[in-house]
Amino acid sequence: MLTGYIWVLDKQGLWTEALEHGRRVSLLADRVGCDMCFSYIHMALADIEAKLGHRDQSQGCIDSALSIISQLPQPPMQTVRWRFFSHVFLQEWQDAWAVVEEARAMTYPDIATTPFARFNWSIMLPEAAARARQWSEAELLAGETLAFFERQRSPLGVASSHFALGLTHTRQQKWDEALTEYQQALEGFQTLGHPWDTANTQYEMGLVHAARMGERDKDKARQCFEEALSAFSALGAKPGIEKVEKELGKLK
């Protein structure tokens with residue numbers, strides 16, 4: 001429950017509150033002892049620190065999470081998942097995909113025994129494949145997760161799958177298809193009230209318009225980038241701010 005609360009704060013962009021709550025709860029570890037709950041909390045904090053541009057702090061949280069796992073009777077797949085997430089948080093996409101390939105070679109029980117971890121594993125896989133330039137994998141995975149999350153009526157899963165499909169269409173220079181997927185992702189993230197995901201989608205939409213450069217595309221690209229910059233700035237998301245400012249500079 002504590003982890004879920006931090007995750008909700010993360011998605012809502014309430015990062016200061018999430019970090020303060022997570023650090024306060026983490027202090028209980030000395031009294032409670034080594035518990036898997038604290039591993040989840042450290043990973044949630046790692047995600048936020050990475051989005052803020054605090055790579056060292058993020059890595060520290062990741063190391064703490066992995067240290068806890070090493071002291072508990074957890075299946076090997078749990079460590080593999082955490083390593084995958086850590087590379088995703090730090091946007092080390094080739095390393096993230098290498099962990100996926102490692103996991104495929106393992107023999108392990110059905111990870112449905114940990115539904116929350118499976119949910120996150122599924123929701124991140126298509127984007128990780130696309131970012132690692134595993135295009136056929138990305139398109140296949142995104143199609144599978146989209147169908148799965150539509151059946152489960154999971155708006156976050158659906159939006160994330162549309163986002164990954166947008167990435168694959170962008171690579172193929174299918175601009176209209178990419179924008180259609182991104183628009184569906186954007187509407188989903190906005191409805192959920194997830195500002196970082198919303199800004200990240202607006203940034204990718206801006207890249208499509210900047211690359212296509214048809215009639216009014218330059219103006220649309222600038223609008224997408226400016227909206228993304230506003231959201232990233234409000235969050236204090238330094239990596240997001242920097243990448244948007246770089247693209248806005250190219251439009252001048």
# chains A, B, ... in the order shown; residues from 1 in each chain; ligands from 1

$ residues_around --residues "Glu204 of chain A" --least-positions-apart "3" --cutoff "10 Å" --atoms "only C-alpha atoms" --output "list in words"
Phe163, Gly166, Leu167, Thr170, Ala178, Leu179, Tyr182, Ala199, Asn200, Thr201, Leu207, Val208, His209, Ala210, Ala221, Cys224, Phe225, Ala228 and Val244 of chain A

$ residues_around --residues "Thr145 of chain A" --least-positions-apart "4" --cutoff "12 Å" --atoms "only C-alpha atoms" --output "PyMOL selection string"
chain A and resi 118-127+137-141+149-165

$ write_last_selection --atoms "N, CA, C and O atoms" --output "short mmCIF file (atom, residue, chain, number, x, y, z; two decimals), in the first residue's frame"
data_model
loop_
_atom_site.label_atom_id
_atom_site.label_comp_id
_atom_site.auth_asym_id
_atom_site.auth_seq_id
_atom_site.Cartn_x
_atom_site.Cartn_y
_atom_site.Cartn_z
N ARG A 118 4.39 -7.82 -12.79
CA ARG A 118 4.10 -8.24 -14.17
C ARG A 118 3.47 -7.08 -14.94
O ARG A 118 3.78 -6.88 -16.12
N PHE A 119 2.61 -6.36 -14.29
CA PHE A 119 1.95 -5.21 -14.94
C PHE A 119 2.99 -4.21 -15.42
O PHE A 119 2.98 -3.77 -16.57
N ASN A 120 3.92 -3.86 -14.56
CA ASN A 120 4.94 -2.89 -14.94
C ASN A 120 5.89 -3.44 -15.98
O ASN A 120 6.33 -2.73 -16.88
N TRP A 121 6.21 -4.73 -15.83
CA TRP A 121 7.08 -5.37 -16.82
C TRP A 121 6.43 -5.28 -18.20
O TRP A 121 7.06 -4.89 -19.18
N SER A 122 5.16 -5.59 -18.28
CA SER A 122 4.45 -5.56 -19.56
C SER A 122 4.33 -4.15 -20.11
O SER A 122 4.48 -3.92 -21.30
N ILE A 123 4.04 -3.21 -19.22
CA ILE A 123 3.77 -1.85 -19.68
C ILE A 123 5.02 -1.17 -20.23
O ILE A 123 4.96 -0.31 -21.09
N MET A 124 6.19 -1.58 -19.74
CA MET A 124 7.44 -0.94 -20.16
C MET A 124 8.12 -1.65 -21.34
O MET A 124 8.94 -1.04 -22.02
N LEU A 125 7.80 -2.92 -21.55
CA LEU A 125 8.51 -3.69 -22.57
C LEU A 125 8.43 -3.10 -23.98
O LEU A 125 9.45 -2.99 -24.66
N PRO A 126 7.23 -2.75 -24.49
CA PRO A 126 7.17 -2.24 -25.86
C PRO A 126 8.02 -0.98 -26.09
O PRO A 126 8.72 -0.88 -27.09
N GLU A 127 7.95 -0.04 -25.14
CA GLU A 127 8.76 1.17 -25.30
C GLU A 127 10.24 0.84 -25.24
O GLU A 127 11.04 1.37 -26.02
N GLU A 137 10.08 -6.30 -32.76
CA GLU A 137 9.69 -6.69 -31.41
C GLU A 137 8.76 -5.65 -30.80
O GLU A 137 7.76 -5.98 -30.16
N ALA A 138 9.11 -4.39 -30.98
CA ALA A 138 8.32 -3.31 -30.38
C ALA A 138 6.90 -3.30 -30.91
O ALA A 138 5.94 -3.18 -30.15
N GLU A 139 6.77 -3.45 -32.22
CA GLU A 139 5.43 -3.42 -32.82
C GLU A 139 4.61 -4.61 -32.36
O GLU A 139 3.42 -4.49 -32.04
N LEU A 140 5.24 -5.79 -32.31
CA LEU A 140 4.54 -6.99 -31.87
C LEU A 140 4.12 -6.87 -30.41
O LEU A 140 2.97 -7.14 -30.05
N LEU A 141 5.06 -6.45 -29.55
CA LEU A 141 4.77 -6.33 -28.13
C LEU A 141 3.70 -5.29 -27.86
O LEU A 141 2.80 -5.50 -27.03
N PHE A 149 -4.37 -4.91 -22.37
CA PHE A 149 -4.82 -3.86 -21.46
C PHE A 149 -6.21 -3.35 -21.83
O PHE A 149 -6.94 -2.86 -20.95
N GLU A 150 -6.59 -3.47 -23.09
CA GLU A 150 -7.97 -3.13 -23.45
C GLU A 150 -8.93 -4.13 -22.81
O GLU A 150 -9.99 -3.74 -22.30
N ARG A 151 -8.55 -5.41 -22.82
CA ARG A 151 -9.41 -6.42 -22.18
C ARG A 151 -9.48 -6.19 -20.67
O ARG A 151 -10.53 -6.39 -20.06
N GLN A 152 -8.35 -5.78 -20.09
CA GLN A 152 -8.30 -5.55 -18.65
C GLN A 152 -8.88 -4.19 -18.26
O GLN A 152 -8.98 -3.87 -17.07
N ARG A 153 -9.19 -3.38 -19.25
CA ARG A 153 -9.71 -2.03 -19.03
C ARG A 153 -8.74 -1.21 -18.18
O ARG A 153 -9.13 -0.54 -17.21
N SER A 154 -7.48 -1.27 -18.59
CA SER A 154 -6.42 -0.52 -17.91
C SER A 154 -6.04 0.69 -18.76
O SER A 154 -5.33 0.56 -19.75
N PRO A 155 -6.52 1.89 -18.42
CA PRO A 155 -6.23 3.07 -19.24
C PRO A 155 -4.75 3.40 -19.33
O PRO A 155 -4.28 3.86 -20.38
N LEU A 156 -3.99 3.17 -18.26
CA LEU A 156 -2.55 3.44 -18.32
C LEU A 156 -1.86 2.48 -19.29
O LEU A 156 -1.02 2.88 -20.10
N GLY A 157 -2.22 1.20 -19.22
CA GLY A 157 -1.64 0.23 -20.13
C GLY A 157 -1.98 0.52 -21.58
O GLY A 157 -1.13 0.42 -22.47
N VAL A 158 -3.22 0.92 -21.83
CA VAL A 158 -3.65 1.26 -23.18
C VAL A 158 -2.87 2.47 -23.71
O VAL A 158 -2.36 2.46 -24.83
N ALA A 159 -2.78 3.51 -22.90
CA ALA A 159 -2.07 4.72 -23.32
C ALA A 159 -0.59 4.42 -23.59
O ALA A 159 -0.02 4.88 -24.59
N SER A 160 0.03 3.64 -22.73
CA SER A 160 1.44 3.30 -22.90
C SER A 160 1.67 2.48 -24.16
O SER A 160 2.69 2.63 -24.84
N SER A 161 0.74 1.60 -24.48
CA SER A 161 0.85 0.79 -25.70
C SER A 161 0.72 1.66 -26.94
O SER A 161 1.47 1.48 -27.92
N HIS A 162 -0.21 2.60 -26.92
CA HIS A 162 -0.34 3.54 -28.05
C HIS A 162 0.96 4.35 -28.20
O HIS A 162 1.41 4.61 -29.33
N PHE A 163 1.55 4.74 -27.09
CA PHE A 163 2.79 5.51 -27.14
C PHE A 163 3.89 4.69 -27.83
O PHE A 163 4.61 5.21 -28.70
N ALA A 164 4.02 3.43 -27.46
CA ALA A 164 5.05 2.58 -28.06
C ALA A 164 4.78 2.37 -29.55
O ALA A 164 5.72 2.36 -30.36
N LEU A 165 3.52 2.23 -29.93
CA LEU A 165 3.19 2.11 -31.35
C LEU A 165 3.55 3.39 -32.09
O LEU A 165 3.99 3.35 -33.25
#

$ closest_residue --among "A:Ala105, A:Ala98, A:Ala142, A:Gly206" --to "Arg83 of chain A" --atoms "only C-alpha atoms"
A:Ala98

$ residues_around --residues "segment 79-81 of chain A" --least-positions-apart "6" --cutoff "7 Å" --atoms "only C-alpha atoms" --output "list in words"
Leu66, Ile69, Val99 and Ala103 of chain A

$ closest_residue --among "A:Gly188, A:Trp15, A:Leu72, A:His42" --to "Gln59 of chain A" --atoms "only C-alpha atoms"
A:His42

$ atom_distance --atom1 "atom CA of Thr3 of chain A" --atom2 "atom CA of Phe85 of chain A"
15.3 Å

$ closest_residue --among "A:Ala132, A:Ala44, A:Met77, A:Leu52" --to "Leu235 of chain A" --atoms "only C-alpha atoms"
A:Leu52

$ closest_residue --among "A:Lys238, A:Ala96, A:Thr180, A:Glu102" --to "Ala50 of chain A" --atoms "only C-alpha atoms"
A:Lys238

$ atom_distance --atom1 "atom CA of Phe148 of chain A" --atom2 "atom CA of Phe89 of chain A"
23.7 Å

$ residues_around --residues "Glu226 of chain A" --least-positions-apart "4" --cutoff "12 Å" --atoms "only C-alpha atoms" --output "ChimeraX atom specification"
/A:199-200,202-203,205-206,219-222,230-233,240-241,243-249,251

$ write_last_selection --atoms "N, CA, C and O atoms" --output "short mmCIF file (atom, residue, chain, number, x, y, z; two decimals), in the first residue's frame"
data_model
loop_
_atom_site.label_atom_id
_atom_site.label_comp_id
_atom_site.auth_asym_id
_atom_site.auth_seq_id
_atom_site.Cartn_x
_atom_site.Cartn_y
_atom_site.Cartn_z
N ALA A 199 3.73 15.22 -21.06
CA ALA A 199 4.79 16.04 -21.65
C ALA A 199 5.70 15.22 -22.55
O ALA A 199 6.11 15.67 -23.63
N ASN A 200 6.00 14.00 -22.14
CA ASN A 200 6.87 13.14 -22.94
C ASN A 200 6.21 12.81 -24.27
O ASN A 200 6.88 12.73 -25.31
N GLN A 202 3.93 14.75 -25.80
CA GLN A 202 3.94 15.99 -26.59
C GLN A 202 5.30 16.21 -27.23
O GLN A 202 5.39 16.68 -28.38
N TYR A 203 6.35 15.86 -26.53
CA TYR A 203 7.70 15.97 -27.09
C TYR A 203 7.85 15.08 -28.32
O TYR A 203 8.36 15.52 -29.36
N MET A 205 5.48 13.96 -30.24
CA MET A 205 4.64 14.51 -31.30
C MET A 205 5.34 15.67 -31.99
O MET A 205 5.28 15.82 -33.22
N GLY A 206 6.03 16.48 -31.21
CA GLY A 206 6.79 17.58 -31.78
C GLY A 206 7.88 17.08 -32.72
O GLY A 206 8.12 17.67 -33.78
N ASP A 219 4.87 25.06 -37.05
CA ASP A 219 4.10 25.69 -35.98
C ASP A 219 3.57 24.65 -34.99
O ASP A 219 3.57 24.87 -33.77
N LYS A 220 3.13 23.50 -35.53
CA LYS A 220 2.61 22.44 -34.65
C LYS A 220 3.73 21.85 -33.79
O LYS A 220 3.52 21.51 -32.63
N ALA A 221 4.92 21.72 -34.41
CA ALA A 221 6.06 21.20 -33.66
C ALA A 221 6.39 22.14 -32.51
O ALA A 221 6.60 21.70 -31.37
N ARG A 222 6.41 23.44 -32.80
CA ARG A 222 6.73 24.42 -31.76
C ARG A 222 5.68 24.38 -30.65
O ARG A 222 6.02 24.45 -29.46
N SER A 230 6.64 23.50 -20.84
CA SER A 230 5.90 24.07 -19.71
C SER A 230 5.67 23.02 -18.64
O SER A 230 5.87 23.27 -17.44
N ALA A 231 5.27 21.82 -19.07
CA ALA A 231 4.99 20.75 -18.11
C ALA A 231 6.27 20.25 -17.45
O ALA A 231 6.32 20.06 -16.23
N PHE A 232 7.31 20.04 -18.24
CA PHE A 232 8.58 19.57 -17.67
C PHE A 232 9.14 20.60 -16.69
O PHE A 232 9.69 20.23 -15.64
N SER A 233 9.00 21.87 -17.03
CA SER A 233 9.52 22.93 -16.15
C SER A 233 8.76 22.95 -14.83
O SER A 233 9.36 23.13 -13.76
N GLY A 240 14.03 16.33 -19.29
CA GLY A 240 12.96 16.69 -20.20
C GLY A 240 13.10 18.12 -20.69
O GLY A 240 12.93 18.40 -21.88
N ILE A 241 13.42 19.02 -19.80
CA ILE A 241 13.60 20.42 -20.17
C ILE A 241 14.71 20.56 -21.20
O ILE A 241 14.57 21.25 -22.22
N LYS A 243 16.03 18.34 -23.32
CA LYS A 243 15.80 17.78 -24.65
C LYS A 243 14.79 18.60 -25.46
O LYS A 243 14.91 18.73 -26.68
N VAL A 244 13.82 19.20 -24.78
CA VAL A 244 12.85 20.04 -25.48
C VAL A 244 13.50 21.35 -25.93
O VAL A 244 13.30 21.80 -27.07
N GLU A 245 14.28 21.96 -25.06
CA GLU A 245 14.96 23.20 -25.43
C GLU A 245 15.88 22.99 -26.62
O GLU A 245 16.01 23.87 -27.49
N LYS A 246 16.51 21.84 -26.70
CA LYS A 246 17.39 21.52 -27.83
C LYS A 246 16.59 21.50 -29.14
O LYS A 246 17.02 22.04 -30.16
N GLU A 247 15.41 20.89 -29.11
CA GLU A 247 14.59 20.79 -30.31
C GLU A 247 13.98 22.14 -30.68
O GLU A 247 13.88 22.47 -31.87
N LEU A 248 13.61 22.93 -29.69
CA LEU A 248 13.09 24.27 -29.99
C LEU A 248 14.16 25.12 -30.65
O LEU A 248 13.87 25.92 -31.55
N GLY A 249 15.41 24.94 -30.21
CA GLY A 249 16.51 25.68 -30.81
C GLY A 249 16.68 25.36 -32.28
O GLY A 249 17.06 26.23 -33.08
N LEU A 251 14.33 24.77 -34.37
CA LEU A 251 13.23 25.34 -35.15
C LEU A 251 13.43 26.80 -35.47
O LEU A 251 12.72 27.36 -36.32
#

$ closest_residue --among "A:Ser39, A:Arg212, A:Glu144, A:Pro195" --to "Ala237 of chain A" --atoms "only C-alpha atoms"
A:Pro195

$ atom_distance --atom1 "atom CA of Met36 of chain A" --atom2 "atom CA of Ile68 of chain A"
7.0 Å

$ decode --residues "segment 55-79 of chain A" --atoms "C-alpha atoms" --output "PDB file, in the first residue's frame"
ATOM      1  CA  ARG A  55      21.351  10.078 -11.787  1.00  0.00           C
ATOM      2  CA  ASP A  56      23.583   9.449  -8.774  1.00  0.00           C
ATOM      3  CA  GLN A  57      20.640   9.549  -6.364  1.00  0.00           C
ATOM      4  CA  SER A  58      18.631   7.303  -8.675  1.00  0.00           C
ATOM      5  CA  GLN A  59      21.459   4.789  -8.863  1.00  0.00           C
ATOM      6  CA  GLY A  60      21.745   4.884  -5.086  1.00  0.00           C
ATOM      7  CA  CYS A  61      18.079   3.975  -4.722  1.00  0.00           C
ATOM      8  CA  ILE A  62      18.497   1.189  -7.257  1.00  0.00           C
ATOM      9  CA  ASP A  63      21.496  -0.195  -5.376  1.00  0.00           C
ATOM     10  CA  SER A  64      19.486  -0.156  -2.150  1.00  0.00           C
ATOM     11  CA  ALA A  65      16.619  -2.029  -3.784  1.00  0.00           C
ATOM     12  CA  LEU A  66      18.926  -4.678  -5.212  1.00  0.00           C
ATOM     13  CA  SER A  67      20.708  -5.018  -1.872  1.00  0.00           C
ATOM     14  CA  ILE A  68      17.407  -5.775  -0.143  1.00  0.00           C
ATOM     15  CA  ILE A  69      16.508  -8.397  -2.741  1.00  0.00           C
ATOM     16  CA  SER A  70      19.866 -10.089  -2.298  1.00  0.00           C
ATOM     17  CA  GLN A  71      19.065 -10.622   1.385  1.00  0.00           C
ATOM     18  CA  LEU A  72      15.624 -12.145   0.803  1.00  0.00           C
ATOM     19  CA  PRO A  73      14.521 -15.523  -0.556  1.00  0.00           C
ATOM     20  CA  GLN A  74      13.366 -14.070  -3.869  1.00  0.00           C
ATOM     21  CA  PRO A  75      13.342 -15.910  -7.225  1.00  0.00           C
ATOM     22  CA  PRO A  76      16.101 -14.827  -9.663  1.00  0.00           C
ATOM     23  CA  MET A  77      13.502 -13.220 -11.913  1.00  0.00           C
ATOM     24  CA  GLN A  78      12.849 -10.513  -9.314  1.00  0.00           C
ATOM     25  CA  THR A  79      16.432  -9.286  -9.559  1.00  0.00           C
TER      26      THR A  79
END
